[in-house]
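The structure file my_file-v2.cif is reproduced below (mmCIF, C-alpha atoms).
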```cif
data_final
#
loop_
_atom_site.label_atom_id
_atom_site.label_comp_id
_atom_site.auth_asym_id
_atom_site.auth_seq_id
_atom_site.Cartn_x
_atom_site.Cartn_y
_atom_site.Cartn_z
CA MET A 1 2.69 -5.86 -13.59
CA GLN A 2 5.72 -3.87 -14.63
CA GLN A 3 8.95 -4.77 -12.85
CA ILE A 4 11.00 -1.71 -11.85
CA GLU A 5 14.51 -2.31 -10.56
CA HIS A 6 15.31 1.35 -10.00
CA TYR A 7 13.54 4.58 -10.89
CA SER A 8 14.27 8.14 -9.86
CA THR A 9 12.53 10.65 -12.19
CA PHE A 10 9.53 11.33 -14.42
CA ALA A 11 8.44 14.00 -16.89
CA ALA A 12 8.56 17.41 -15.24
CA GLY A 13 5.41 19.47 -14.83
CA SER A 14 2.94 16.61 -14.36
CA THR A 15 0.63 16.64 -11.36
CA MET A 16 -1.74 14.17 -9.73
CA LEU A 17 -5.05 13.75 -11.59
CA SER A 18 -3.72 15.76 -14.54
CA GLN A 19 -3.55 13.03 -17.15
CA ARG A 20 -5.27 9.91 -18.36
CA LEU A 21 -4.01 6.67 -16.85
CA GLY A 22 -3.32 3.47 -18.76
CA PRO A 23 -1.44 0.18 -18.71
CA GLN A 24 1.87 1.91 -17.92
CA PRO A 25 2.29 3.36 -14.41
CA VAL A 26 2.38 7.14 -14.04
CA ILE A 27 5.19 8.21 -11.73
CA HIS A 28 5.62 11.85 -10.74
CA ASP A 29 8.92 13.63 -10.28
CA PRO A 30 10.69 13.04 -7.98
CA CYS A 31 10.18 9.43 -6.89
CA LEU A 32 12.53 6.66 -5.86
CA ILE A 33 11.49 3.09 -6.68
CA ALA A 34 13.64 0.01 -6.20
CA ARG A 35 12.94 -3.65 -6.93
CA SER A 36 9.16 -3.14 -7.08
CA GLU A 37 6.27 -4.08 -9.36
CA LEU A 38 3.54 -1.63 -10.37
CA GLY A 39 0.25 -2.65 -11.92
CA ALA A 40 -1.79 -1.03 -14.68
CA TYR A 41 -3.59 2.30 -14.15
CA THR A 42 -1.41 3.06 -11.14
CA GLU A 43 -0.12 6.50 -10.16
CA LEU A 44 2.59 7.51 -7.70
CA GLY A 45 2.58 11.07 -6.40
CA ALA A 46 5.77 13.08 -6.06
CA ASN A 47 8.24 12.10 -3.35
CA THR A 48 7.02 8.54 -3.13
CA VAL A 49 9.69 6.07 -2.01
CA MET A 50 8.89 2.42 -2.75
CA VAL A 51 11.19 -0.52 -2.08
CA GLU A 52 10.55 -4.24 -2.67
CA THR A 53 6.81 -3.77 -3.02
CA GLN A 54 4.03 -5.12 -5.24
CA PHE A 55 1.54 -2.38 -6.06
CA GLY A 56 -1.76 -3.52 -7.54
CA ASP A 57 -3.75 -2.25 -10.52
CA TYR A 58 -5.55 1.12 -10.14
CA SER A 59 -3.85 1.91 -6.82
CA TYR A 60 -2.25 5.27 -6.16
CA THR A 61 -0.23 7.28 -3.68
CA ALA A 62 -0.96 10.98 -3.23
CA GLY A 63 2.68 11.86 -2.59
CA ASP A 64 5.27 12.07 0.18
CA ASN A 65 4.82 8.36 0.89
CA GLN A 66 7.23 5.65 1.99
CA ILE A 67 6.39 2.00 1.32
CA ILE A 68 8.82 -0.84 1.90
CA TYR A 69 8.52 -4.65 2.03
CA ALA A 70 4.79 -4.64 1.26
CA THR A 71 2.05 -6.01 -0.96
CA VAL A 72 -0.60 -3.44 -1.85
CA GLY A 73 -3.79 -4.70 -3.48
CA LYS A 74 -5.80 -3.21 -6.31
CA PHE A 75 -7.72 0.07 -6.03
CA ALA A 76 -5.84 1.14 -2.89
CA ASN A 77 -6.24 4.82 -2.00
CA ILE A 78 -3.13 5.99 -0.17
CA ALA A 79 -3.22 9.61 1.02
CA SER A 80 -0.17 11.83 1.36
CA HIS A 81 2.44 11.21 4.05
CA VAL A 82 1.38 7.61 4.63
CA ARG A 83 4.19 5.30 5.66
CA ILE A 84 3.89 1.54 5.29
CA ASN A 85 6.40 -0.63 7.15
CA PRO A 86 8.74 1.88 8.81
CA GLY A 87 12.18 0.58 9.66
CA ASN A 88 12.68 -1.52 12.77
CA HIS A 89 15.77 -0.95 14.89
CA PRO A 90 17.53 -3.74 16.81
CA MET A 91 16.49 -2.98 20.39
CA GLU A 92 18.26 -6.08 21.72
CA ARG A 93 21.66 -4.81 20.54
CA VAL A 94 23.96 -2.51 22.50
CA THR A 95 23.19 0.33 20.08
CA LEU A 96 20.01 1.10 18.18
CA HIS A 97 22.01 2.91 15.51
CA HIS A 98 22.31 1.39 12.04
CA VAL A 99 26.09 1.30 12.31
CA THR A 100 25.78 -2.39 13.29
CA TYR A 101 23.87 -3.40 10.16
CA ARG A 102 24.67 -0.72 7.55
CA ARG A 103 28.34 -1.35 8.13
CA GLU A 104 29.56 -0.57 4.63
CA MET A 105 28.54 3.09 5.00
CA TYR A 106 31.06 3.46 7.82
CA GLY A 107 33.87 1.39 6.40
CA PHE A 108 33.24 -1.57 8.72
CA GLY A 109 32.91 -4.28 6.08
CA GLU A 110 29.78 -5.86 4.62
CA ASP A 111 26.26 -5.01 5.69
CA ASP A 112 24.42 -7.39 8.01
CA ALA A 113 22.26 -9.29 5.47
CA ALA A 114 20.49 -11.30 8.18
CA PHE A 115 19.16 -8.10 9.75
CA PHE A 116 17.54 -6.99 6.49
CA ASP A 117 16.07 -10.46 6.00
CA TRP A 118 14.51 -10.05 9.45
CA ARG A 119 12.94 -6.77 8.30
CA ARG A 120 11.62 -8.43 5.12
CA ALA A 121 10.01 -11.15 7.22
CA HIS A 122 7.73 -8.49 8.74
CA HIS A 123 5.94 -7.95 5.42
CA CYS A 124 2.88 -5.65 5.32
CA VAL A 125 -0.22 -6.54 3.30
CA ILE A 126 -2.72 -3.86 2.27
CA GLY A 127 -5.92 -5.29 0.80
CA HIS A 128 -7.97 -4.33 -2.24
CA ASP A 129 -10.10 -1.17 -2.23
CA THR A 130 -8.55 0.18 0.96
CA TRP A 131 -8.21 3.80 2.06
CA LEU A 132 -5.32 4.94 4.23
CA GLY A 133 -5.89 8.52 5.37
CA HIS A 134 -3.36 11.32 5.60
CA ASN A 135 -0.32 10.60 7.77
CA VAL A 136 -1.24 6.99 8.59
CA ILE A 137 1.59 4.70 9.74
CA VAL A 138 1.25 0.96 9.18
CA MET A 139 3.71 -0.84 11.43
CA PRO A 140 5.78 -3.85 10.31
CA GLY A 141 3.95 -7.12 9.80
CA VAL A 142 0.43 -5.63 9.82
CA ARG A 143 -2.31 -6.80 7.44
CA ILE A 144 -5.17 -4.49 6.45
CA GLY A 145 -8.18 -6.28 4.97
CA ASP A 146 -10.09 -5.59 1.76
CA GLY A 147 -12.32 -2.54 1.87
CA ALA A 148 -10.92 -1.26 5.16
CA VAL A 149 -10.52 2.43 6.01
CA VAL A 150 -7.83 3.81 8.33
CA GLY A 151 -8.45 7.32 9.62
CA SER A 152 -5.93 10.13 9.29
CA GLY A 153 -3.06 10.09 11.74
CA ALA A 154 -3.67 6.53 12.91
CA VAL A 155 -0.81 4.24 13.86
CA VAL A 156 -1.78 0.70 12.91
CA THR A 157 -0.10 -1.85 15.17
CA LYS A 158 -2.57 -4.74 14.72
CA ASP A 159 -4.40 -6.27 11.76
CA VAL A 160 -7.54 -4.51 10.53
CA GLU A 161 -10.45 -6.71 9.46
CA PRO A 162 -12.02 -6.32 5.99
CA TYR A 163 -14.49 -3.45 5.55
CA THR A 164 -13.66 -2.09 9.01
CA ILE A 165 -13.02 1.58 9.82
CA ALA A 166 -10.10 1.93 12.24
CA VAL A 167 -8.98 5.16 13.91
CA GLY A 168 -6.65 6.41 16.61
CA VAL A 169 -3.26 5.78 18.17
CA PRO A 170 -2.97 2.88 18.33
CA ALA A 171 -5.64 2.24 15.71
CA ARG A 172 -8.79 0.54 16.98
CA PRO A 173 -11.87 -0.63 15.07
CA LEU A 174 -14.65 1.95 15.03
CA ARG A 175 -17.33 0.18 12.96
CA ARG A 176 -17.99 -1.82 9.80
CA ARG A 177 -18.65 0.07 6.58
CA PHE A 178 -21.64 -2.17 5.78
CA PRO A 179 -23.63 -4.95 7.43
CA GLN A 180 -21.61 -8.16 7.63
CA ALA A 181 -23.64 -9.88 4.90
CA ILE A 182 -22.76 -7.14 2.41
CA CYS A 183 -19.10 -7.18 3.44
CA ASP A 184 -18.94 -10.93 2.88
CA ALA A 185 -20.73 -10.68 -0.46
CA LEU A 186 -18.38 -7.98 -1.75
CA GLN A 187 -15.39 -10.18 -0.99
CA ARG A 188 -17.04 -13.09 -2.81
CA ILE A 189 -17.78 -10.92 -5.83
CA ALA A 190 -14.17 -9.64 -5.84
CA TRP A 191 -15.06 -6.95 -8.38
CA TRP A 192 -11.48 -5.66 -8.24
CA ASN A 193 -10.53 -8.62 -10.44
CA TRP A 194 -12.87 -7.58 -13.25
CA ASP A 195 -11.18 -6.57 -16.49
CA HIS A 196 -11.13 -2.92 -17.53
CA ASP A 197 -14.05 -3.16 -19.96
CA THR A 198 -16.28 -5.01 -17.48
CA LEU A 199 -15.47 -2.48 -14.78
CA GLY A 200 -16.38 0.39 -17.07
CA ALA A 201 -19.66 -1.23 -18.10
CA ARG A 202 -20.74 -1.78 -14.50
CA LEU A 203 -19.31 1.36 -12.90
CA ASP A 204 -22.64 3.16 -12.45
CA GLU A 205 -23.97 0.18 -10.51
CA MET A 206 -21.26 0.57 -7.88
CA ASN A 207 -22.90 3.60 -6.26
CA ALA A 208 -25.34 1.49 -4.21
CA ALA A 209 -23.79 -1.40 -2.29
CA ALA A 210 -26.99 -3.29 -1.44
CA ARG A 211 -28.30 -3.31 -5.02
CA PHE A 212 -24.85 -4.18 -6.32
CA VAL A 213 -24.59 -7.20 -4.02
CA GLU A 214 -28.12 -8.27 -4.87
CA LYS A 215 -27.27 -8.32 -8.57
CA TYR A 216 -23.73 -9.77 -8.52
CA GLY A 217 -23.51 -11.60 -5.20
#
```
Hey, can you dump this file as structure tokens for me?
Amino acid sequence: MQQIEHYSTFAAGSTMLSQRLGPQPVIHDPCLIARSELGAYTELGANTVMVETQFGDYSYTAGDNQIIYATVGKFANIASHVRINPGNHPMERVTLHHVTYRREMYGFGEDDAAFFDWRRAHHCVIGHDTWLGHNVIVMPGVRIGDGAVVGSGAVVTKDVEPYTIAVGVPARPLRRRFPQAICDALQRIAWWNWDHDTLGARLDEMNAAARFVEKYG
């Protein structure tokens, strides 16, 4: 993975799906990335904000995304306007406003480091080969399993099991993508860990889940 301390621009004129991907991440203008790691063959659409996040190989954002304090697996498909780990406000304090923890902005001394550590403790985990539809919100501390799908507009307040389709507000499981035996076999195979050449050689076999599991499971 490539460590990125701070990033705020990329070559003008590039668009999603307009160029060949490779070991170096493709980041479209404008983006803001801070203290994050991006894997190979990754792509971030314009207006992506990413803070303190690990972003796995082959994953992408379609643009207008905000991701903070998260681990995103490989081959994640993140549609536009998805937000992962929106900011929590301190409801137990007299004021909800960030004046009590972003103190430096207002000339009130140092920021409240303990508050931001509390936010970091509610880390989000997005599994491998996941699909988060347009305008999905993944709330702090939620884990979404490998192969899961979250329907557009859903607000995910609880963990989503692997290979489960979840929809609604709040998001609820709708059904499994495959029979349980196939779901379990796909996780055992863990094809997302194959190297690039192996993936390319076996790509055509990935169009039929049952045959794929029979051969590699």
For this structure, which residues satisfy the selection - the PyMOL selection byres ((chain A and resi 161) around 10) - when it is evaluated on the file as given? I want them as a ChimeraX atom specification.
/A:127,143-149,158-160,162-166,173,176
Write out as a ChimeraX atom specification the residues lying within 12 Å of Ile126 of chain A, counting only C-alpha atoms and excluding same-chain residues fewer than 2 positions away.
/A:53-56,59,67-78,83-85,123-124,128-132,138-150,156,159-162
Neighbours of His196 of chain A within 12 Å (only C-alpha atoms; same-chain residues fewer than 2 positions away dropped), as a list in words?
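The residues that qualify are Leu21, Gly22, Pro23, Ala40, Tyr41, Asp57, Tyr58, Trp191, Trp192, Asn193, Trp194, Thr198, Leu199, Gly200, Ala201, Arg202 and Leu203 of chain A.
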Counting only C-alpha atoms, what is within 8 Å of Ser36 of chain A, bar same-chain residues fewer than 2 positions away, as a ChimeraX atom specification?
/A:3-5,33-34,38,50-55
Could you work out how far atom CA of Ala62 of chain A lies from atom CA of Asp195 of chain A, giving the answer in Å with one decimal?
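Between atom CA of Asp195 of chain A and atom CA of Ala62 of chain A the gap works out to 24.3 Å.
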Quick check, in Å to one decimal: how far apart do atom CA of Ala190 of chain A and atom CA of Tyr216 of chain A lie?
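Distance between the two atoms: 9.9 Å.
Our summary of the geometry notes that atom CA of Gly151 of chain A is positioned 4.8 Å from atom CA of Val167 of chain A.
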With all atoms listed in the file as the counted atoms, please give the residues lying no more than 6 Å from Tyr60 of chain A, apart from itself and same-chain residues fewer than 2 positions off, as a PyMOL selection string.
chain A and resi 42-44+77
For each of A:Gln187, A:Asn88, A:Thr48, A:Gln24, take the minimum atom-to-atom distance to His122 of chain A, counting only C-alpha atoms, then give the residue where this is smallest.
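Closest residue, counting only C-alpha atoms: A:Asn88.
Only residues having an atom at most 8 Å from (5.7, 12.1, 1.1) are included; using only C-alpha atoms, these are A:Ala46, A:Asn47, A:Thr48, A:Val49, A:Gly63, A:Asp64, A:Asn65, A:Gln66, A:Ser80, A:His81, A:Val82.
Candidate residues A:Tyr106, A:His28, A:His89, A:Val136 were compared for distance to Trp118 of chain A, and the nearest is A:His89, using all atoms listed in the file.
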Go through A:Thr61, A:Pro25, A:Glu37, A:Ala185 one by one, measure the shortest atom-to-atom distance of each to Lys215 of chain A using all atoms listed in the file, and give the residue with the smallest value.
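Among the listed residues, the smallest separation from Lys215 of chain A belongs to A:Ala185.
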